[in-house]
Structures are given as C-alpha cells and as structure tokens.
Amino acid sequence: MAKALQHSKDTALRYYQVPDAREALRRQRHIDVIDETVAFEDSLLNEFDSLFPPVPYASWNEDGIRERLLDSDAYAAHPMANLTDALIQRIKARFNDEVFEQRAEILERHLHQEYNRDNITKYAVIDVSKRHKLHYFPASDQDKMCHKVISMLK
C-alpha cells in the first residue's frame with residue numbers, strides 16, 4: 001500500500017508495520033468484509049426488482065427489508081457482507097421513489113370523491129390516507145406526496 005501511495009521506505013516502516021500476525025489477520029478480515037459488502041450491494045442492484053417488486057400497496061419496514069436481503073441470492077453469494085442501516089434506508093428510499101407516482105394516483109382517486117381543487121389541503125390528503133389505511137403512502141416524504149396529490153386535483 002505504501003508503494004502505491006509513493007511513500008518512502010522509512011514512512012512505510014513507521015506507519016504500515018503490523019505488530020503481529022494476529023493483527024494482520026484481523027485487518028485482512030475487515031478488508032474482506034468491506035469487499036464482500038461492496039460486491040453484495042452491486043449484485044443486489046441486479047436483483048432489486050425481484051426482491052422488491054414495485055407494488056404501491058406494499059409497505060416495507062426495516063425488519064422486513066433486512067429479512068428479505070438475508071434470504072436473497074445476492075447475500076447467499078456474499079455471506080460475509082455487512083447489512084448496514086444505511087443500506088436498508090437506501091433500499092427503502094429507492095422502493096418508495098419507484099412507487100411514488102402510483103401511490104399519488106391512488107390517493108388522488110380517493111380524494112377525488114370528497115374534495116376538489118377549492119377545498120383540498122395537505123391535512124385532507126393525510127386524513128384520507130389514514131382513513132383508507134394508506135398512512136404509509138405519504139410517510140416517506142409527506143410534503144412531496146401532498147404537493148403532488150394536490151397538484152393532480154387542480
């Protein structure tokens with residue numbers, strides 16, 4: 001590594017020397033986990049639509065996403081991969097983005113029965129989504145969903 005960074009031999013001996021074999025193995029295990037995690041995330045992109053089909057009525061929570069990932073072929077191929085909370089949040093956000101338009105259309109159909117462009121508000125969108133047990137529709141980005149639905153009614 002020191003050679004790749006063009007450090008001198010003295011700098012390499014001072015900063016890159018591993019105290020013993022156990023420490024070298026520990027560091028290598030950490031590197032292997034990182035490599036496996038990167039490979040897992042790459043292969044997950046190929047499998048995403050089959051793991052999380054874009055169905056607007058599906059509501060994925062963190063535990064459900066984690067369980068689905070652990071059962072995936074991508075994880076079976078990379079069992080040392082680390083499933084981080086950040087990865088799970090990215091997956092949840094990607095799924096919500098993919099079904100955003102469909103969810104907005106569904107809410108608009110429900111709202112169209114009771115509201116028009118003159119009396120629609122953000123609170124009406126939230127209320128109707130709760131009444132129809134679709135509270136998770138605007139949950140990911142409430143303001144964006146409400147604005148979209150209101151603009152569809154106008």
# chains A, B, ... in the order shown; residues from 1 in each chain; ligands from 1
>>> residues_around(residues="stretch 116-121 of chain A", least_positions_apart="3", cutoff="7 Å", atoms="only C-alpha atoms", output="list in words")
His112, Ala124, Val125, Ile150, Leu153 and Lys154 of chain A
>>> write_last_selection(atoms="N, CA and C atoms", output="JSON list (two decimals), in the first residue's frame")
[["chain", "number", "residue", "atom", "x", "y", "z"],
["A", 112, "HIS", "N", -60.58, 12.44, -4.85],
["A", 112, "HIS", "CA", -61.45, 13.00, -5.89],
["A", 112, "HIS", "C", -62.93, 12.83, -5.53],
["A", 124, "ALA", "N", -56.10, 17.31, 4.45],
["A", 124, "ALA", "CA", -57.10, 16.43, 3.83],
["A", 124, "ALA", "C", -56.43, 15.20, 3.22],
["A", 125, "VAL", "N", -55.29, 15.39, 2.58],
["A", 125, "VAL", "CA", -54.56, 14.27, 1.99],
["A", 125, "VAL", "C", -54.14, 13.29, 3.08],
["A", 150, "ILE", "N", -52.16, 17.18, -4.48],
["A", 150, "ILE", "CA", -52.92, 18.44, -4.61],
["A", 150, "ILE", "C", -52.80, 18.98, -6.03],
["A", 153, "LEU", "N", -55.14, 17.26, -8.44],
["A", 153, "LEU", "CA", -56.54, 17.62, -8.32],
["A", 153, "LEU", "C", -56.83, 18.99, -8.94],
["A", 154, "LYS", "N", -55.83, 19.81, -9.07],
["A", 154, "LYS", "CA", -56.06, 21.17, -9.59],
["A", 154, "LYS", "C", -55.97, 21.22, -11.09]]
>>> residues_around(residues="A:Asp143", least_positions_apart="5", cutoff="12 Å", atoms="only C-alpha atoms", output="PyMOL selection string")
chain A and resi 121-123+125-126+137-138+148-150
>>> closest_residue(among="A:Leu87, A:Ala21, A:Ala76, A:Ala58", to="A:Glu41", atoms="only C-alpha atoms")
A:Leu87
>>> residues_around(residues="A:Asn96", least_positions_apart="3", cutoff="10 Å", atoms="only C-alpha atoms", output="PyMOL selection string")
chain A and resi 54-56+58-60+90-93+99-101+103+136-141
>>> select_by_dssp(residues="chain A", states="helix (DSSP H, G or I)", output="count of residues only")
101
>>> atom_distance(atom1="atom CA of A:Gln89", atom2="atom CA of A:Cys146")
21.6 Å
>>> closest_residue(among="A:His30, A:His132, A:Lys9, A:His147", to="A:Ala81", atoms="only C-alpha atoms")
A:His30
